[in-house]
Each structure stands twice: as structure tokens, then as C-alpha cells.
Amino acid sequence: MADLTTRESGREIRDRFFEQYVDFYNGGSVPENSSADFAYYLECHRKRLDKKGIRAVKKIDRIEDNLDVIAPHDRPPYIINMTRKECNYETDYYKGDALLARSDKETEVLYCNILDKSDYQEETISCPNCGHSAGAKSFINGCPMCGTRFKTFKFFPCVTSFYSLPKVYERSSINKGIKNVVAIGIGLGILVALGVFLYNAIVSKSIAAGLFFGIIAGLITGWIGTIIIYLSYSMFIATSTISKMFAQTADTMDITAAKRTRNRLETDMSRYFSDFSYELFEGKIMSLLRAIMYSDDRQNLSIYKGPDNLDFMNDAVDVEYRGACRYDGSTALDGYLHVRMTAYTLCTIYVGDKLSKVQRAFRMELVKKIKPEEDYGFSVHAVNCPTCGSTFDAMHVNKCPNCGHEYHLVEDDWVVILLK
């Protein structure tokens with residue numbers, strides 16, 4: 001099976017991406033391995049935060065468990081690397097120097113999708129302002145020579161989406177607790193052994209008897225004490241874990257039901273797209289949702305062609321994916337596929353100088369022209385005009401700026417026609 005070892009490993013790309021992602025929210029540049037779509041979402045998010053006067057500080061800390069899994073999937077000519085790792089992922093929100101809210105410190109599993117392309121050679125492009133030529137990746141934060149910003153390029157490998165889900169319990173904390181149990185048992189044994197030894201040495205005036213009985217008493221105490229403490233600790237862990245599982249189950253009943261619709265979605269979609277990938281589709285849904293939510297010009301967005309009634313999104317300063325999308329059905333009509341989904345999220349809202357979090361389920365209808373295979377590397381920010389071949393950013397443009405050919409994004413990618 002193909003992987004990313006020909007250039008960089010998926011772990012190297014992902015870990016560098018997250019380092020730069022954290023730095024981005026501290027005023028740094030867009031992560032260099034962001035896809036063009038993901039980079040657009042990040043810049044829109046930064047503008048929304050700046051507009052509200054809010055500073056988000058992201059933290060992604062490694063934990064002892066460090067579960068790190070990469071599962072590559074071939075979708076010729078693309079390679080999709082699904083990665084996940086355990087970490088502490090937190091976000092703190094500030095208004096000036098005042099702390100508005102701090103996220104919990106629970107351990108989470110971070111899921112990240114990396115898209116690569118077989119036999120890809122990075123394209124050399126030129127800055128339209130100063131003419132500087134270099135690899136496409138070096139232009140993601142603007143021309144390195146003159147600073148001119150433009151998004152008319154693609155490059156691979158790139159991060160297309162990521163999200164995090166909470167863990168019920170950390171293995172490292174359990175292992176640490178077991179070590180403490182053993183240490184306490186040994187400590188008790190040593191204290192009892194010393195006590196028995198001193199008693200016999202002082203009262204009975206027999207050092208030999210003190211050593212003998214002290215060692216026996218210490219071993220028995222340490223052994224029995226360790227067993228009792230371990231059983232008590234195990235009962236505590238079991239009770240705590242069950243309580244957390246019940247609490248999490250009550251909090252996630254909606255997304256648990258939504259996850260059960262995945263097989264039906266994959267079955268229905270495979271009738272129209274032979275290489276359909278659920279992971280990339282849910283990443284696409286969240287990318288579209290975030291881009292629409294943070295946009296200041298929704299009327300001219302090519303990715304949204306629904307009613308202009310989305311003012312309720314204007315107070316959102318962050319949106320987290322809760323790990324499930326419910327499939328509500330699909331309809332094929334005149335060569336286009338209409339898919340109805342519900343995305344489950346946790347939105348951070350800023351109203352009246354107060355920050356609050358609310359679970360929100362967004363109902364969406366997406367439409368796309370039916371084609372035999374998906375072009376997973378397609379980007380609305382790097383559209384190739386079918387008439388003249390020029391490349392342009394079609395996010396807010398419906399005609400080729402070079403030849404005037406009318407362009408409809410729905411011919412190549414998913415477009416949202418309903419969002420509420």
C-alpha cells in the first residue's frame with residue numbers, strides 16, 4: 001500500500017502542521033501544509049476573532065500514552081492518510097488580557113486527514129506582482145519576496161481537515177496510579193518492618209529476632225496492603241470510568257445515533273461515486289460549514305447558494321466538530337446528487353461581552369454533479385477554466401477573469417444550498 005515515505009512521513013507533516021497551527025493563533029502564518037481550502041477557513045476564522053476583539057490561544061500537548069496511528073488508503077491517483085493521536089487539546093479565549101473562558105483539560109484523540117498525490121512534483125509558479133518564481137508551497141502565506149497574496153495553486157501532501165474527540169480515561173493515569181499503589185504497599189511494608197525491628201531490638205534486646213520478625217512482618221504487610229489498596233483503587237477506577245461513560249453517553253446520544261447512519265451513507269454514495277471516502281466527505285462538510293459561518297460576504301460565496309438568512313452565525317467565534325454527521329437521505333435529480341446531512345457541533349458564541357458554548361446541530365443540503373470518480377485534490381481556490389485553461393480563485397467569482405467563461409462550482413464540487 002502506498003504511503004508518504006517517498007517525501008515526508010505522515011507523522012512529520014501532521015506534527016509540523018499542528019506546531020504551526022498553534023503558532024497561527026499566536027499571530028503566526030498559516031501552516032505551510034494546509035490545503036488551500038483549509039488555509040481559507042483559518043484566515044476567515046482569524047478575521048472573525050479580530051472583529052470580535054477576541055484572542056484564541058490553542059494548546060496541543062503530548063501525553064505519555066502517545067497513541068499514534070496512521071492508516072493509508074489508496075484512491076488513485078490520491079493517497080489519503082487518516083491519522084490519530086492522543087493529546088491534550090485546549091483553547092483559551094481572551095478579551096485583551098482578561099481570560100474569558102478556558103477549555104477542559106481532558107485528554108482527547110486528535111484525528112487528521114492528509115491528502116497526497118502519486119508521482120506529484122511541486123509546481124513552480126510566478127508571482128503576478130514581482131515575477132518571483134518558486135515552488136507553490138512557498139506562496140501559501142504570500143510571495144516571499146514582495147508579500148503579494150494569491151491562492152491560485154495546489155500542492156501535495158496537504159492537511160484537508162482535522163477534529164478531536166474526548167477520551168473516557170487515560171491509560172497513563174491508570175498506569176501511574178498502579179505504580180503509586182505498589183509504592184504505597186512497599187512503603188507500608190518498610191514502615192512495619194522498621195517498627196517490628198526497633199521494638200524487638202529495644203524491648204527484647206534481640207537484633208536477630210528484630211531482623212527476622214521485621215522482614216516477615218514487612219513482607220506480609222506489603223503484600224496484603226498492596227492487594228487491598230490495589231483492589232480499592234480498581235474499584236475507584238471502575239466506578240469513575242462507568243460514571244464518565246454514563247455521562248458521556250447521555251451527552252452524546254444524538255451523535256451515537258448519527259454514527260449509525262454511516263453505513264447507509266456509504267452504500268448510497270457508492271452508487272454514484274465508486275471511490276467515495278466517508279472521512280474526506282465529513283471533512284468537506286466541516287470545511288464548508290466553517291467557511292460559510294466565518295464569511296463576511298455570504299451572498300457572493302460560490303460554495304453557498306441557499307437563502308440569505310444566516311445572521312445567527314455572526315456571533316460564533318469557534319466551532320468544534322463533535323465527531324458525527326447524520327445522513328438524512330439523498331436524491332438524484334437531472335444528473336445532480338442532493339445529499340441531506342446534519343452536522344453535530346459545539347459552538348462558542350460571543351454576545352454581550354460573554355462567551356458561552358452551546359451544542360448545535362446544523363441541517364445541510366449539499367448538491368454536486370454526479371461523476372464516476374471524485375477529484376479529491378480539487379480546490380475552489382485553484383479552478384482551471386475549461387475554456388482557456390487559466391487558473392483562478394472561484395470562492396467569490398462565477399466567471400473566469402481571463403476569458404469571461406461562466407463557471408458553476410456545482411459541476412466540480414459540493415455546494416451547500418440549505419443551511420439551518
# chains A, B, ... in the order shown; residues from 1 in each chain; ligands from 1

call {"tool": "residues_around", "arguments": {"residues": "Lys137 (chain A)", "least_positions_apart": "4", "cutoff": "12 Å", "atoms": "only C-alpha atoms", "output": "ChimeraX atom specification"}}
result
/A:30-36,39,121-126,133,141-144,150-158

call {"tool": "closest_residue", "arguments": {"among": "A:Asp328, A:Asp254, A:Asp92, A:Glu108", "to": "Tyr344 (chain A)", "atoms": "only C-alpha atoms"}}
result
A:Asp254

call {"tool": "residues_around", "arguments": {"residues": "Asp61 (chain A)", "least_positions_apart": "3", "cutoff": "7 Å", "atoms": "only C-alpha atoms", "output": "PyMOL selection string"}}
result
chain A and resi 87-89

call {"tool": "residues_around", "arguments": {"residues": "Met341 (chain A)", "least_positions_apart": "6", "cutoff": "9 Å", "atoms": "only C-alpha atoms", "output": "list in words"}}
result
Ile285, Cys325, Arg326, Tyr327, Asp328, Gly329, Ser330, Phe362, Arg363, Met364, Glu365 and Leu366 of chain A

call {"tool": "write_last_selection", "arguments": {"atoms": "N, CA and C atoms", "output": "PDB file, in the first residue's frame"}}
result
ATOM      1  N   ILE A 285     -17.659  18.593   4.712  1.00  0.00           N
ATOM      2  CA  ILE A 285     -18.828  19.212   5.342  1.00  0.00           C
ATOM      3  C   ILE A 285     -18.409  20.259   6.368  1.00  0.00           C
ATOM      4  N   CYS A 325     -21.798  13.045  11.716  1.00  0.00           N
ATOM      5  CA  CYS A 325     -22.764  13.675  10.821  1.00  0.00           C
ATOM      6  C   CYS A 325     -23.872  12.656  10.556  1.00  0.00           C
ATOM      7  N   ARG A 326     -25.108  13.085  10.698  1.00  0.00           N
ATOM      8  CA  ARG A 326     -26.228  12.175  10.435  1.00  0.00           C
ATOM      9  C   ARG A 326     -26.645  12.270   8.982  1.00  0.00           C
ATOM     10  N   TYR A 327     -26.793  11.133   8.366  1.00  0.00           N
ATOM     11  CA  TYR A 327     -27.245  11.068   6.980  1.00  0.00           C
ATOM     12  C   TYR A 327     -28.760  11.048   6.964  1.00  0.00           C
ATOM     13  N   ASP A 328     -29.350  12.052   6.317  1.00  0.00           N
ATOM     14  CA  ASP A 328     -30.808  12.192   6.296  1.00  0.00           C
ATOM     15  C   ASP A 328     -31.427  11.819   4.957  1.00  0.00           C
ATOM     16  N   GLY A 329     -30.616  11.334   4.025  1.00  0.00           N
ATOM     17  CA  GLY A 329     -31.159  10.906   2.744  1.00  0.00           C
ATOM     18  C   GLY A 329     -30.541  11.635   1.564  1.00  0.00           C
ATOM     19  N   SER A 330     -30.809  11.139   0.375  1.00  0.00           N
ATOM     20  CA  SER A 330     -30.265  11.753  -0.845  1.00  0.00           C
ATOM     21  C   SER A 330     -31.229  11.533  -2.008  1.00  0.00           C
ATOM     22  N   PHE A 362     -26.458  21.370  12.786  1.00  0.00           N
ATOM     23  CA  PHE A 362     -26.724  22.126  11.560  1.00  0.00           C
ATOM     24  C   PHE A 362     -27.264  21.196  10.481  1.00  0.00           C
ATOM     25  N   ARG A 363     -28.455  21.493  10.019  1.00  0.00           N
ATOM     26  CA  ARG A 363     -29.037  20.748   8.909  1.00  0.00           C
ATOM     27  C   ARG A 363     -28.536  21.351   7.599  1.00  0.00           C
ATOM     28  N   MET A 364     -28.010  20.497   6.730  1.00  0.00           N
ATOM     29  CA  MET A 364     -27.414  20.963   5.487  1.00  0.00           C
ATOM     30  C   MET A 364     -27.909  20.122   4.316  1.00  0.00           C
ATOM     31  N   GLU A 365     -28.071  20.782   3.179  1.00  0.00           N
ATOM     32  CA  GLU A 365     -28.305  20.052   1.930  1.00  0.00           C
ATOM     33  C   GLU A 365     -27.203  20.454   0.959  1.00  0.00           C
ATOM     34  N   LEU A 366     -26.511  19.450   0.448  1.00  0.00           N
ATOM     35  CA  LEU A 366     -25.412  19.675  -0.476  1.00  0.00           C
ATOM     36  C   LEU A 366     -25.757  19.082  -1.833  1.00  0.00           C
TER      37      LEU A 366
END
